[in-house]
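A.B. asks: Please find structure.cif (mmCIF, C-alpha atoms) on the next line:
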data_upload
#
loop_
_atom_site.label_atom_id
_atom_site.label_comp_id
_atom_site.auth_asym_id
_atom_site.auth_seq_id
_atom_site.Cartn_x
_atom_site.Cartn_y
_atom_site.Cartn_z
CA MET A 22 -20.33 5.93 27.20
CA ALA A 23 -19.36 4.65 30.65
CA TYR A 24 -16.28 6.85 31.04
CA GLY A 25 -13.86 9.09 29.20
CA ILE A 26 -14.41 12.06 26.94
CA GLU A 27 -16.88 11.98 24.10
CA LEU A 28 -16.28 14.35 21.23
CA THR A 29 -19.20 14.86 18.88
CA ASN A 30 -19.39 16.92 15.73
CA SER A 31 -22.05 19.39 14.62
CA ALA A 32 -24.30 16.52 13.55
CA GLY A 33 -24.10 14.99 17.01
CA VAL A 34 -22.06 12.09 15.73
CA PRO A 35 -19.02 10.93 17.66
CA VAL A 36 -15.80 11.96 15.99
CA PHE A 37 -14.05 9.00 17.59
CA ASP A 38 -15.88 5.95 18.81
CA GLN A 39 -13.17 4.85 21.26
CA ALA A 40 -13.01 1.37 19.80
CA SER A 41 -12.17 1.75 16.12
CA ARG A 42 -8.79 2.44 14.62
CA CYS A 43 -8.55 5.70 12.70
CA LEU A 44 -7.30 5.75 9.14
CA ARG A 45 -4.13 7.71 8.53
CA VAL A 46 -2.09 8.45 5.44
CA VAL A 47 0.75 5.95 5.13
CA ALA A 48 1.92 6.48 1.57
CA SER A 49 1.51 8.86 -1.31
CA GLY A 50 2.78 9.23 -4.82
CA ALA A 51 1.71 8.76 -8.41
CA THR A 52 0.35 5.61 -9.99
CA ILE A 53 1.77 3.97 -13.05
CA ASP A 54 -0.24 3.76 -16.26
CA ALA A 55 -1.85 0.34 -15.97
CA ASP A 56 -2.60 0.12 -19.68
CA ALA A 57 0.96 0.88 -20.67
CA ALA A 58 2.27 -1.53 -18.08
CA ALA A 59 -0.08 -4.27 -19.22
CA GLU A 60 0.89 -3.75 -22.84
CA ALA A 61 4.58 -3.87 -21.96
CA ALA A 62 3.98 -7.03 -19.98
CA PHE A 63 2.13 -8.59 -22.88
CA GLN A 64 4.91 -7.78 -25.31
CA GLU A 65 7.47 -9.24 -22.97
CA TYR A 66 5.42 -12.34 -22.58
CA GLN A 67 5.17 -12.71 -26.34
CA ALA A 68 8.94 -12.52 -26.54
CA LEU A 69 9.37 -15.56 -24.32
CA PRO A 70 10.62 -18.71 -26.05
CA SER A 71 8.06 -21.47 -26.43
CA PRO A 72 6.72 -23.34 -24.66
CA LYS A 73 5.51 -20.60 -22.42
CA ARG A 74 2.91 -20.66 -19.77
CA LEU A 75 0.89 -17.80 -18.51
CA HIS A 76 -0.94 -17.42 -15.27
CA GLN A 77 -3.41 -14.68 -15.05
CA LEU A 78 -4.25 -12.99 -11.80
CA SER A 79 -7.95 -12.77 -11.43
CA PHE A 80 -8.45 -9.08 -10.91
CA GLY A 81 -7.78 -5.76 -12.49
CA GLN A 82 -4.98 -5.51 -14.95
CA ALA A 83 -2.64 -7.63 -12.89
CA ARG A 84 -1.00 -10.46 -14.73
CA SER A 85 1.61 -12.92 -13.74
CA PHE A 86 3.81 -15.00 -15.94
CA GLU A 87 5.73 -18.17 -15.53
CA GLY A 88 8.76 -18.81 -17.61
CA PRO A 89 9.48 -22.41 -18.60
CA GLY A 90 11.64 -24.18 -16.06
CA ALA A 91 14.44 -22.04 -14.80
CA THR A 92 14.23 -19.61 -17.68
CA ALA A 93 14.27 -16.15 -16.29
CA MET A 94 11.69 -13.87 -17.69
CA PRO A 95 12.85 -10.51 -18.90
CA HIS A 96 11.13 -7.56 -17.39
CA SER A 97 11.60 -3.90 -17.71
CA GLY A 98 11.48 -1.87 -14.57
CA PHE A 99 8.07 -0.58 -13.81
CA ALA A 100 6.17 -2.92 -16.08
CA LEU A 101 6.76 -6.20 -14.37
CA GLN A 102 7.74 -7.07 -10.87
CA LEU A 103 8.88 -10.44 -9.59
CA MET A 104 6.36 -11.24 -6.91
CA GLY A 105 7.76 -14.55 -5.76
CA THR A 106 8.88 -17.98 -6.75
CA GLY A 107 6.93 -21.18 -6.63
CA TYR A 108 3.42 -22.16 -5.69
CA PRO A 109 1.69 -25.54 -5.29
CA GLY A 110 2.27 -27.75 -8.28
CA PHE A 111 4.70 -25.34 -9.87
CA PRO A 112 7.69 -25.07 -7.53
CA GLU A 113 9.85 -23.71 -10.35
CA ALA A 114 7.41 -20.98 -11.26
CA LYS A 115 8.47 -17.40 -11.35
CA VAL A 116 5.50 -15.24 -10.65
CA TYR A 117 5.44 -11.78 -12.10
CA ALA A 118 2.82 -9.11 -11.94
CA VAL A 119 2.34 -5.65 -13.25
CA ARG A 120 3.56 -3.53 -10.40
CA PRO A 121 0.75 -2.55 -8.08
CA VAL A 122 0.13 0.93 -6.87
CA PHE A 123 0.84 -0.13 -3.36
CA ASP A 124 2.01 -3.31 -1.80
CA ALA A 125 2.64 -3.75 1.88
CA ALA A 126 2.16 -6.27 4.62
CA GLY A 127 -1.19 -6.24 6.34
CA GLY A 128 -4.65 -5.34 5.16
CA GLY A 129 -7.36 -2.78 5.56
CA PHE A 130 -5.75 -0.29 3.21
CA SER A 131 -7.75 2.19 1.18
CA ALA A 132 -6.45 4.03 -1.86
CA PHE A 133 -7.64 7.54 -2.60
CA TYR A 134 -6.92 9.10 -5.96
CA ARG A 135 -6.84 12.58 -7.38
CA TRP A 136 -9.17 13.24 -10.26
CA THR A 137 -7.48 13.95 -13.57
CA ALA A 138 -8.72 14.70 -17.06
CA GLN A 139 -8.98 10.96 -17.57
CA PRO A 140 -12.10 9.46 -15.95
CA ILE A 141 -11.80 6.46 -13.68
CA ASN A 142 -13.21 3.43 -15.45
CA ARG A 143 -11.73 0.64 -13.39
CA ALA A 144 -10.27 0.31 -9.95
CA ILE A 145 -9.61 -2.49 -7.55
CA GLU A 146 -8.40 -3.04 -4.04
CA THR A 147 -7.60 -6.62 -3.32
CA GLU A 148 -5.81 -8.57 -0.66
CA ILE A 149 -3.02 -10.77 -1.93
CA ASN A 150 -3.07 -14.18 -0.33
CA VAL A 151 -1.26 -16.41 -2.75
CA PRO A 152 1.39 -18.95 -1.73
CA GLY A 153 4.81 -17.73 -2.69
CA VAL A 154 3.70 -14.17 -3.25
CA PRO A 155 4.25 -11.44 -0.67
CA GLY A 156 0.97 -10.64 1.02
CA GLY A 157 -0.50 -7.21 1.13
CA THR A 158 -3.01 -4.89 -0.39
CA PHE A 159 -3.04 -4.45 -4.12
CA CYS A 160 -4.59 -1.27 -5.43
CA LEU A 161 -4.96 -0.49 -9.07
CA VAL A 162 -6.63 2.27 -11.05
CA ASN A 163 -6.53 3.30 -14.65
CA GLY A 164 -4.52 6.33 -15.62
CA VAL A 165 -1.63 8.15 -14.03
CA ARG A 166 -2.89 9.98 -10.98
CA GLN A 167 -1.79 11.06 -7.54
CA TYR A 168 -2.70 8.66 -4.77
CA ARG A 169 -2.76 8.54 -1.01
CA ILE A 170 -3.03 5.28 0.85
CA LEU A 171 -4.94 5.20 4.11
CA ALA A 172 -4.36 2.48 6.64
CA PRO A 173 -5.57 1.96 10.18
CA ILE A 174 -3.39 2.37 13.20
CA PRO A 175 -1.26 0.58 14.23
CA THR A 176 1.10 1.08 11.35
CA PRO A 177 4.75 2.07 11.50
CA GLY A 178 5.01 5.45 13.08
CA GLY A 179 8.28 7.24 12.50
CA TYR A 180 7.07 10.32 14.29
CA ALA A 181 9.32 13.34 14.32
CA SER A 182 7.88 14.77 17.53
CA ASP A 183 6.87 13.47 20.92
CA TYR A 184 3.88 15.61 21.68
CA GLY A 185 0.23 15.70 20.68
CA MET A 186 -2.80 13.62 21.57
CA GLN A 187 -3.42 9.93 21.56
CA ILE A 188 -6.65 8.01 22.03
CA ARG A 189 -6.53 4.43 23.20
CA ASP A 190 -9.21 1.77 23.24
CA ALA A 191 -10.16 -0.28 26.27
CA SER A 192 -7.25 -2.63 25.73
CA GLY A 193 -4.76 0.22 25.65
CA ALA A 194 -4.13 0.09 21.92
CA VAL A 195 -3.65 3.44 20.21
CA ILE A 196 -6.52 4.18 17.84
CA PHE A 197 -5.66 7.81 17.10
CA ASP A 198 -2.44 9.77 17.16
CA SER A 199 -2.52 13.44 16.31
CA ARG A 200 0.98 13.24 14.84
CA ASP A 201 -0.32 11.22 11.90
CA THR A 202 -1.30 12.71 8.56
CA PHE A 203 -4.97 12.43 7.74
CA LEU A 204 -7.25 12.72 4.78
CA ALA A 205 -10.62 14.23 5.62
CA VAL A 206 -13.04 11.63 4.27
CA ARG A 207 -16.34 13.48 4.20
CA PHE A 208 -18.83 11.46 2.19
CA ALA A 209 -19.66 8.08 0.77
CA PHE A 210 -22.27 7.27 -1.83
CA ILE A 211 -23.49 4.33 -3.88
CA VAL A 212 -24.27 4.40 -7.56
CA PRO A 213 -26.91 1.65 -7.69
CA LYS A 214 -26.45 -1.21 -10.12
CA ALA A 215 -29.62 -0.14 -11.97
CA VAL A 216 -28.02 3.22 -12.71
CA ALA A 217 -24.78 1.56 -13.75
CA ASP A 218 -26.72 -0.72 -16.08
CA ASP A 219 -28.53 2.21 -17.66
CA VAL A 220 -25.21 3.88 -18.28
CA LEU A 221 -23.51 0.74 -19.52
CA TYR A 222 -26.17 -0.64 -21.82
CA ASN A 223 -28.11 2.47 -22.84
CA GLY A 224 -25.42 5.10 -22.83
CA ALA A 225 -27.22 7.18 -20.21
CA THR A 226 -25.37 9.84 -18.22
CA ARG A 227 -26.00 10.41 -14.54
CA ASP A 228 -24.71 13.42 -12.64
CA VAL A 229 -24.22 12.99 -8.90
CA THR A 230 -24.63 16.26 -7.02
CA LEU A 231 -22.42 16.50 -3.98
CA PRO A 232 -23.82 17.83 -0.71
CA GLU A 233 -21.26 20.63 -0.82
CA PRO A 234 -18.62 21.90 -3.21
CA MET A 235 -15.48 19.77 -3.00
CA PRO A 236 -12.87 21.18 -5.34
CA ASN A 237 -9.78 19.07 -5.79
CA SER A 238 -11.38 16.17 -3.97
CA TRP A 239 -9.90 12.71 -3.57
CA VAL A 240 -11.91 9.64 -4.43
CA SER A 241 -11.70 6.03 -3.35
CA VAL A 242 -13.50 3.40 -5.41
CA PRO A 243 -12.64 0.06 -3.86
CA ILE A 244 -14.11 -1.77 -6.83
CA LEU A 245 -15.12 -0.41 -10.19
CA SER A 246 -15.44 -3.08 -12.82
CA CYS A 247 -18.63 -2.51 -14.78
CA PHE A 248 -18.10 -3.61 -18.35
CA ASN A 249 -19.86 -5.04 -21.36
CA VAL A 250 -18.08 -6.95 -24.08
CA VAL A 251 -19.96 -6.22 -27.30
CA PHE A 252 -19.64 -8.58 -30.24
CA LEU A 253 -19.35 -6.60 -33.47
CA GLY A 254 -18.82 -9.24 -36.12
CA ARG A 255 -16.87 -12.22 -37.39
CA ARG A 256 -14.91 -12.86 -40.53
CA PHE A 257 -13.11 -15.89 -41.80
CA ALA A 258 -9.62 -15.97 -43.21
CA GLY A 259 -7.20 -18.45 -44.72
CA SER A 260 -8.80 -21.74 -45.53
CA GLY A 261 -11.80 -20.75 -43.52
CA THR A 262 -10.55 -22.20 -40.29
CA ARG A 263 -9.31 -18.83 -39.04
CA ARG A 264 -12.15 -17.12 -37.29
CA ILE A 265 -11.51 -13.52 -36.54
CA ASP A 266 -13.96 -11.75 -34.27
CA THR A 267 -14.32 -8.04 -33.76
CA TRP A 268 -15.53 -6.76 -30.45
CA ARG A 269 -15.25 -3.89 -28.03
CA MET A 270 -15.44 -3.43 -24.28
CA ASP A 271 -17.61 -0.66 -22.89
CA ARG A 272 -17.13 0.56 -19.35
CA VAL A 273 -18.79 2.70 -16.75
CA GLU A 274 -16.60 5.61 -15.76
CA LEU A 275 -16.59 8.32 -13.10
CA GLN A 276 -15.34 11.85 -13.41
CA GLN A 277 -15.61 14.96 -11.28
CA ILE A 278 -16.70 17.58 -13.79
CA ASP A 279 -16.97 20.53 -11.40
CA ALA A 280 -16.67 21.20 -7.69
CA SER A 281 -20.15 19.85 -6.95
CA THR A 282 -20.72 17.19 -9.57
CA ILE A 283 -19.48 13.72 -10.34
CA ARG A 284 -20.53 12.35 -13.68
CA VAL A 285 -21.26 8.69 -14.30
CA SER A 286 -21.06 7.91 -17.98
CA ARG A 287 -20.09 5.28 -20.49
CA ASN A 288 -16.69 4.79 -22.00
CA THR A 289 -17.18 3.15 -25.38
CA GLY A 290 -14.21 0.94 -26.10
CA ALA A 291 -12.29 0.73 -29.33
CA ALA A 292 -12.97 -2.16 -31.70
CA VAL A 293 -10.56 -5.02 -31.18
CA GLU A 294 -9.89 -8.00 -33.40
CA TYR A 295 -9.43 -11.39 -31.86
CA GLU A 296 -8.60 -14.58 -33.68
CA ASN A 297 -10.22 -17.70 -32.32
CA PRO A 298 -7.94 -20.69 -32.59
CA ALA A 299 -9.51 -23.43 -34.66
CA SER A 300 -9.24 -25.85 -31.79
CA GLN A 301 -11.02 -23.58 -29.35
CA ASN A 302 -14.57 -22.52 -28.92
CA PRO A 303 -15.30 -18.91 -29.74
CA GLN A 304 -14.38 -16.33 -27.16
CA PRO A 305 -17.31 -15.93 -24.81
CA TYR A 306 -18.78 -12.46 -24.59
CA TYR A 307 -19.81 -11.33 -21.21
CA SER A 308 -20.72 -8.36 -19.10
CA TYR A 309 -20.90 -7.41 -15.47
CA SER A 310 -22.02 -4.52 -13.35
CA HIS A 311 -22.43 -3.83 -9.67
CA ASP A 312 -23.25 -1.18 -7.14
CA ILE A 313 -20.45 1.35 -7.29
CA ILE A 314 -19.27 2.48 -3.88
CA ALA A 315 -17.28 5.69 -3.70
CA TYR A 316 -15.69 7.64 -0.87
CA LEU A 317 -14.84 11.30 -1.18
CA ALA A 318 -12.25 13.18 0.80
CA ARG A 319 -11.63 16.88 0.74
CA ASN A 320 -8.19 18.02 -0.05
CA VAL A 321 -6.00 19.05 2.88
CA GLY A 322 -3.18 21.42 2.10
CA MET B 7 -14.17 29.26 14.62
CA ALA B 8 -17.41 30.14 16.42
CA PHE B 9 -17.59 27.00 18.50
CA GLY B 10 -16.38 23.43 18.80
CA PHE B 11 -12.98 22.10 17.86
CA GLU B 12 -10.59 21.99 14.97
CA PHE B 13 -7.49 20.00 14.21
CA ARG B 14 -4.72 21.49 12.16
CA ASP B 15 -1.49 20.08 10.78
CA ALA B 16 1.90 21.70 11.13
CA ALA B 17 1.25 23.81 8.04
CA GLY B 18 -1.95 25.19 9.53
CA ASN B 19 -4.32 23.22 7.32
CA GLU B 20 -7.55 22.07 8.90
CA THR B 21 -7.42 18.29 9.06
CA LEU B 22 -10.57 17.82 11.08
CA THR B 23 -13.43 20.26 11.56
CA ILE B 24 -16.49 20.49 13.74
CA ASP B 25 -18.53 19.07 10.83
CA GLU B 26 -16.51 15.91 10.40
CA ALA B 27 -15.71 12.58 11.96
CA MET B 28 -12.49 10.65 11.74
CA PRO B 29 -12.47 7.90 9.12
CA ARG B 30 -11.96 4.64 10.91
CA VAL B 31 -12.31 0.92 10.54
CA ILE B 32 -15.40 -0.19 12.42
CA ASP B 33 -15.03 -3.84 11.53
CA GLU B 34 -13.48 -6.13 8.95
CA GLN B 35 -14.18 -9.79 8.43
CA ARG B 36 -12.67 -12.40 6.15
CA LEU B 37 -15.34 -14.54 4.57
CA ALA B 38 -15.36 -17.48 2.19
CA TRP B 39 -16.58 -16.49 -1.26
CA GLY B 40 -19.48 -18.90 -1.04
CA PHE B 41 -20.52 -17.75 2.41
CA SER B 42 -24.26 -17.50 2.88
CA GLY B 43 -25.73 -16.15 6.07
CA THR B 44 -25.78 -13.18 8.39
CA ILE B 45 -23.16 -11.26 10.29
CA TRP B 46 -23.72 -8.53 12.85
CA VAL B 47 -21.75 -5.32 13.26
CA PRO B 48 -23.24 -3.45 16.21
CA GLY B 49 -20.95 -0.43 15.92
CA PHE B 50 -21.74 0.38 12.30
CA ASP B 51 -24.28 2.98 11.18
CA ASP B 52 -24.85 3.23 7.45
CA GLN B 53 -25.77 6.89 7.72
CA TYR B 54 -22.23 7.58 8.87
CA GLY B 55 -20.28 4.94 7.10
CA MET B 56 -19.98 2.57 4.22
CA PHE B 57 -18.82 -0.97 3.65
CA TYR B 58 -17.01 -2.53 0.76
CA VAL B 59 -15.71 -5.87 -0.45
CA SER B 60 -12.01 -6.45 -0.91
CA PRO B 61 -11.47 -9.78 -2.67
CA GLU B 62 -8.42 -11.89 -2.07
CA LEU B 63 -6.30 -12.41 -5.10
CA ARG B 64 -5.85 -15.86 -6.53
CA ILE B 65 -4.08 -17.21 -9.52
CA ALA B 66 -6.13 -18.90 -12.18
CA THR B 67 -4.04 -21.68 -13.63
CA PRO B 68 -4.86 -22.69 -17.20
CA SER B 69 -4.72 -26.37 -17.92
CA ALA B 70 -2.24 -27.88 -20.34
CA GLY B 71 -2.95 -26.87 -23.90
CA GLN B 72 -4.57 -23.61 -22.95
CA GLU B 73 -1.41 -21.57 -22.83
CA TRP B 74 -1.68 -20.19 -26.31
CA TRP B 75 -5.35 -19.44 -25.96
CA GLN B 76 -4.68 -17.64 -22.71
CA ALA B 77 -1.86 -15.70 -24.25
CA GLN B 78 -4.14 -14.49 -26.99
CA THR B 79 -6.82 -13.39 -24.62
CA VAL B 80 -4.63 -11.66 -22.14
CA ARG B 81 -4.33 -8.49 -24.12
CA PRO B 82 -7.99 -7.49 -24.31
CA SER B 83 -9.19 -9.33 -21.27
CA VAL B 84 -9.84 -7.41 -18.09
CA PRO B 85 -11.27 -9.99 -15.77
CA ALA B 86 -13.24 -9.17 -12.71
CA THR B 87 -15.29 -11.22 -10.39
CA PRO B 88 -18.94 -11.47 -9.49
CA PHE B 89 -19.52 -10.18 -6.01
CA PRO B 90 -21.81 -11.45 -3.29
CA THR B 91 -25.11 -9.72 -2.67
CA LEU B 92 -25.06 -7.72 0.55
CA ASN B 93 -28.07 -6.37 2.39
CA TRP B 94 -27.52 -4.22 5.44
CA ASN B 95 -30.27 -3.72 8.02
CA ASN B 96 -29.37 -0.64 10.01
CA ALA B 97 -31.99 -1.33 12.65
CA THR B 98 -30.84 -4.81 13.52
CA LYS B 99 -27.19 -4.14 12.57
CA ALA B 100 -27.27 -7.29 10.50
CA MET B 101 -25.70 -7.92 7.12
CA SER B 102 -27.28 -10.73 5.16
CA ILE B 103 -25.02 -12.19 2.53
CA ALA B 104 -25.89 -14.24 -0.52
CA PRO B 105 -23.00 -15.69 -2.53
CA ALA B 106 -22.29 -14.59 -6.04
CA THR B 107 -23.46 -16.54 -9.03
CA LEU B 108 -21.36 -16.77 -12.16
CA PRO B 109 -22.92 -15.20 -15.25
CA ASP B 110 -22.95 -17.15 -18.48
CA GLY B 111 -19.63 -17.14 -20.24
CA TRP B 112 -17.76 -15.97 -17.19
CA PRO B 113 -14.09 -16.45 -17.98
CA VAL B 114 -12.50 -16.76 -14.56
CA GLN B 115 -13.18 -18.37 -11.25
CA PRO B 116 -13.94 -16.18 -8.25
CA PRO B 117 -11.48 -15.90 -5.40
CA ARG B 118 -11.78 -18.13 -2.40
CA PHE B 119 -12.10 -15.43 0.22
CA TYR B 120 -12.88 -11.77 0.54
CA TRP B 121 -12.71 -9.12 3.19
CA LEU B 122 -15.79 -7.18 4.13
CA VAL B 123 -14.67 -3.84 5.51
CA PHE B 124 -16.90 -1.42 7.40
CA LEU B 125 -15.65 2.15 7.50
CA GLY B 126 -17.01 4.85 9.76
CA LEU B 127 -16.85 8.40 8.43
CA ASN B 128 -18.60 11.71 8.33
CA ALA B 129 -21.74 10.99 6.32
CA ARG B 130 -23.29 9.10 3.46
CA PHE B 131 -25.64 10.58 0.91
CA GLU B 132 -28.05 9.03 -1.54
CA VAL B 133 -27.69 9.16 -5.29
#
For the structure just supplied, provide its representation as structure tokens.

C.D. replies:
Amino acid sequence: MAYGIELTNSAGVPVFDQASRCLRVVASGATIDADAAAEAAFQEYQALPSPKRLHQLSFGQARSFEGPGATAMPHSGFALQLMGTGYPGFPEAKVYAVRPVFDAAGGGFSAFYRWTAQPINRAIETEINVPGVPGGTFCLVNGVRQYRILAPIPTPGGYASDYGMQIRDASGAVIFDSRDTFLAVRFAFIVPKAVADDVLYNGATRDVTLPEPMPNSWVSVPILSCFNVVFLGRRFAGSGTRRIDTWRMDRVELQQIDASTIRVSRNTGAAVEYENPASQNPQPYYSYSHDIIAYLARNVG
Amino acid sequence: MAFGFEFRDAAGNETLTIDEAMPRVIDEQRLAWGFSGTIWVPGFDDQYGMFYVSPELRIATPSAGQEWWQAQTVRPSVPATPFPTLNWNNATKAMSIAPATLPDGWPVQPPRFYWLVFLGLNARFEV
């Protein structure tokens, strides 16, 4: 370091690097139940008069819908949110989505969640960059759980006091302000894809031992989407042209089971029936897994 | 406190201790989904940080005649996306990136862009 004050922690690692923006808490609250919201959205879509057109957002449980022409689509509060109107080729489109956990201008946001009795089996953080839709960060997780959103400075301040400590980078931009609220992010770890595969396909369980007890920790899983669609059988109905498949979707899930352990296990999905239209090829069955990246923060307060 | 520093909030809670580092954004880059190559992030140390991919959302538009099929599949379907393969070399501070390939039967197209975010923090541990 050519100048200034360097603050290092007990591991000899700089606490601030004098160039990077610190993450501060910018929002907190409780998530909605994505499954309930998706089901409500589906029912509302089904209630639309024909012809109806559906546009499916590519991630998580988010879905958008386009009513025909100027027909307004009904939506019920939390379940659906009008995200915008019109995009290339469909200027009349009304784009709806299941309401995200957090939606704000800018990027670089990270969502941390409180563990609950319900394991986390899917999560996503994605940047919205769709014409006609407000941009921002979209975070989604299964279950109803407390969340805190971290975002880098600069973000709107709204400070109640005018004292404390600021750190600025070489250009003069504030990268730390002691008046912000912080979440103490202590550790990160990766569950390798091979482990996720063993859990997903073989039903194995893997316990991750934390370096120290972290009761009431917060977890951030930017992407968790390890799943396997399992074909269970097919039956024919009617004149034989109705093909009804039965399948289930298994998932990899995470759960903190005690202060020092996070369990990686399989969530075996319920059997679902799906009718293949006669004019369509059978529903493809597919699976996917990936390295699972997780951040852990200790609880403050 | 025997030595060092501590940060506390107005309620007296320790928000930063001598054993911690502030979480911070070391770098973030927006890349095309099919990007293949290497990027360098000199300020990132994977022993004290972690990176992740944040895909940009896109809308998959079904073609005419697919509306009903899509409507039927929306209930059980939970689409995701294949992610690029990332290899970080902590010595050279280089991230080599190979684009994702679509598995057989993949139902949706990947997004066009993604953000690669490098976070600095206290420590990383191995599973």

A.B. asks: Can you tell me which residues surround Thr44 in chain B at a distance of at most 8 Å, considering only C-alpha atoms, apart from same-chain residues fewer than 3 positions away, and format the answer as JSON, numbers by chain?

C.D. replies: {"B": [100, 101, 102, 103]}

A.B. asks: So what does the PyMOL selection byres ((chain B and resi 12-27) around 8) actually pick up in this one, as a list in words?

C.D. replies: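 So the PyMOL selection byres ((chain B and resi 12-27) around 8) ends up selecting Asn30, Ser31, Ala32, Val34, Pro35, Val36, Phe37, Thr202, Phe203, Leu204, Ala205, Arg207, Val321 and Gly322 of chain A; Gly10, Phe11, Met28, Pro29, Leu127 and Asn128 of chain B.
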
A.B. asks: Which distance in Å separates CA of Phe131 in chain B and CA of Ile196 in chain A, to one decimal?

C.D. replies: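 For CA of Phe131 in chain B relative to CA of Ile196 in chain A, the distance reads 26.3 Å.
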
A.B. asks: Could I get the residues of range 156-243 of chain A with an atom no further than 10 Å from an atom of range 50-58 of chain B, each paired with its nearest atom pair and that distance in Å to one decimal, using all atoms listed in the file, sorted by chain and residue number, as a tab-separated table?

C.D. replies:
residue	atom	partner	partner_atom	distance
A:Arg207	CA	B:Tyr54	CA	9.6
A:Phe208	CA	B:Gly55	CA	8.3
A:Ala209	CA	B:Met56	CA	6.5
A:Phe210	CA	B:Met56	CA	8.0
A:Ile211	CA	B:Met56	CA	9.0
A:Val242	CA	B:Tyr58	CA	9.2
A:Pro243	CA	B:Tyr58	CA	6.9

A.B. asks: Could you pull the residues within 12 Å of Trp46 in chain B, counting all atoms listed in the file, minus those fewer than 6 positions along the same chain, as a list of chain:residue names?

C.D. replies: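 Counting all atoms listed in the file, the residues come to B:Ile32, B:Asp33, B:Glu34, B:Gln35, B:Asn93, B:Trp94, B:Asn95, B:Asn96, B:Ala97, B:Thr98, B:Lys99, B:Ala100, B:Met101, B:Ser102, B:Ile103, B:Leu122, B:Phe124.
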
A.B. asks: Those selected residues, please, written with C-alpha atoms and delivered as a short mmCIF file (atom, residue, chain, number, x, y, z; two decimals), in the coordinates of the input.

C.D. replies:
data_model
loop_
_atom_site.label_atom_id
_atom_site.label_comp_id
_atom_site.auth_asym_id
_atom_site.auth_seq_id
_atom_site.Cartn_x
_atom_site.Cartn_y
_atom_site.Cartn_z
CA ILE B 32 -15.40 -0.19 12.42
CA ASP B 33 -15.03 -3.84 11.53
CA GLU B 34 -13.48 -6.13 8.95
CA GLN B 35 -14.18 -9.79 8.43
CA ASN B 93 -28.07 -6.37 2.39
CA TRP B 94 -27.52 -4.22 5.44
CA ASN B 95 -30.27 -3.72 8.02
CA ASN B 96 -29.37 -0.64 10.01
CA ALA B 97 -31.99 -1.33 12.65
CA THR B 98 -30.84 -4.81 13.52
CA LYS B 99 -27.19 -4.14 12.57
CA ALA B 100 -27.27 -7.29 10.50
CA MET B 101 -25.70 -7.92 7.12
CA SER B 102 -27.28 -10.73 5.16
CA ILE B 103 -25.02 -12.19 2.53
CA LEU B 122 -15.79 -7.18 4.13
CA PHE B 124 -16.90 -1.42 7.40
#

A.B. asks: Residues picked by the PyMOL selection byres ((chain A and resi 137-142) around 10) here, as a PDB file with C-alpha atoms, in the coordinates of the input?

C.D. replies:
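File written: selection-v3.pdb
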ATOM      1  CA  TYR A 134      -6.920   9.100  -5.960  1.00  0.00           C
ATOM      2  CA  ARG A 135      -6.840  12.580  -7.380  1.00  0.00           C
ATOM      3  CA  TRP A 136      -9.170  13.240 -10.260  1.00  0.00           C
ATOM      4  CA  ARG A 143     -11.730   0.640 -13.390  1.00  0.00           C
ATOM      5  CA  ALA A 144     -10.270   0.310  -9.950  1.00  0.00           C
ATOM      6  CA  VAL A 162      -6.630   2.270 -11.050  1.00  0.00           C
ATOM      7  CA  ASN A 163      -6.530   3.300 -14.650  1.00  0.00           C
ATOM      8  CA  GLY A 164      -4.520   6.330 -15.620  1.00  0.00           C
ATOM      9  CA  VAL A 165      -1.630   8.150 -14.030  1.00  0.00           C
ATOM     10  CA  ARG A 166      -2.890   9.980 -10.980  1.00  0.00           C
ATOM     11  CA  GLN A 167      -1.790  11.060  -7.540  1.00  0.00           C
ATOM     12  CA  ASN A 237      -9.780  19.070  -5.790  1.00  0.00           C
ATOM     13  CA  VAL A 240     -11.910   9.640  -4.430  1.00  0.00           C
ATOM     14  CA  VAL A 242     -13.500   3.400  -5.410  1.00  0.00           C
ATOM     15  CA  LEU A 245     -15.120  -0.410 -10.190  1.00  0.00           C
ATOM     16  CA  SER A 246     -15.440  -3.080 -12.820  1.00  0.00           C
ATOM     17  CA  CYS A 247     -18.630  -2.510 -14.780  1.00  0.00           C
ATOM     18  CA  PHE A 248     -18.100  -3.610 -18.350  1.00  0.00           C
ATOM     19  CA  ASP A 271     -17.610  -0.660 -22.890  1.00  0.00           C
ATOM     20  CA  ARG A 272     -17.130   0.560 -19.350  1.00  0.00           C
ATOM     21  CA  VAL A 273     -18.790   2.700 -16.750  1.00  0.00           C
ATOM     22  CA  GLU A 274     -16.600   5.610 -15.760  1.00  0.00           C
ATOM     23  CA  LEU A 275     -16.590   8.320 -13.100  1.00  0.00           C
ATOM     24  CA  GLN A 276     -15.340  11.850 -13.410  1.00  0.00           C
ATOM     25  CA  GLN A 277     -15.610  14.960 -11.280  1.00  0.00           C
ATOM     26  CA  ILE A 278     -16.700  17.580 -13.790  1.00  0.00           C
ATOM     27  CA  ARG A 284     -20.530  12.350 -13.680  1.00  0.00           C
ATOM     28  CA  VAL A 285     -21.260   8.690 -14.300  1.00  0.00           C
ATOM     29  CA  SER A 286     -21.060   7.910 -17.980  1.00  0.00           C
ATOM     30  CA  ARG A 287     -20.090   5.280 -20.490  1.00  0.00           C
ATOM     31  CA  ASN A 288     -16.690   4.790 -22.000  1.00  0.00           C
TER      32      ASN A 288
END

A.B. asks: Taking all atoms listed in the file into account, name the residue in B:Leu108, B:Leu125, B:Ser42, B:Ser60 that is nearest to chain A.

C.D. replies: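 Closest to chain A of all the choices is B:Ser60.
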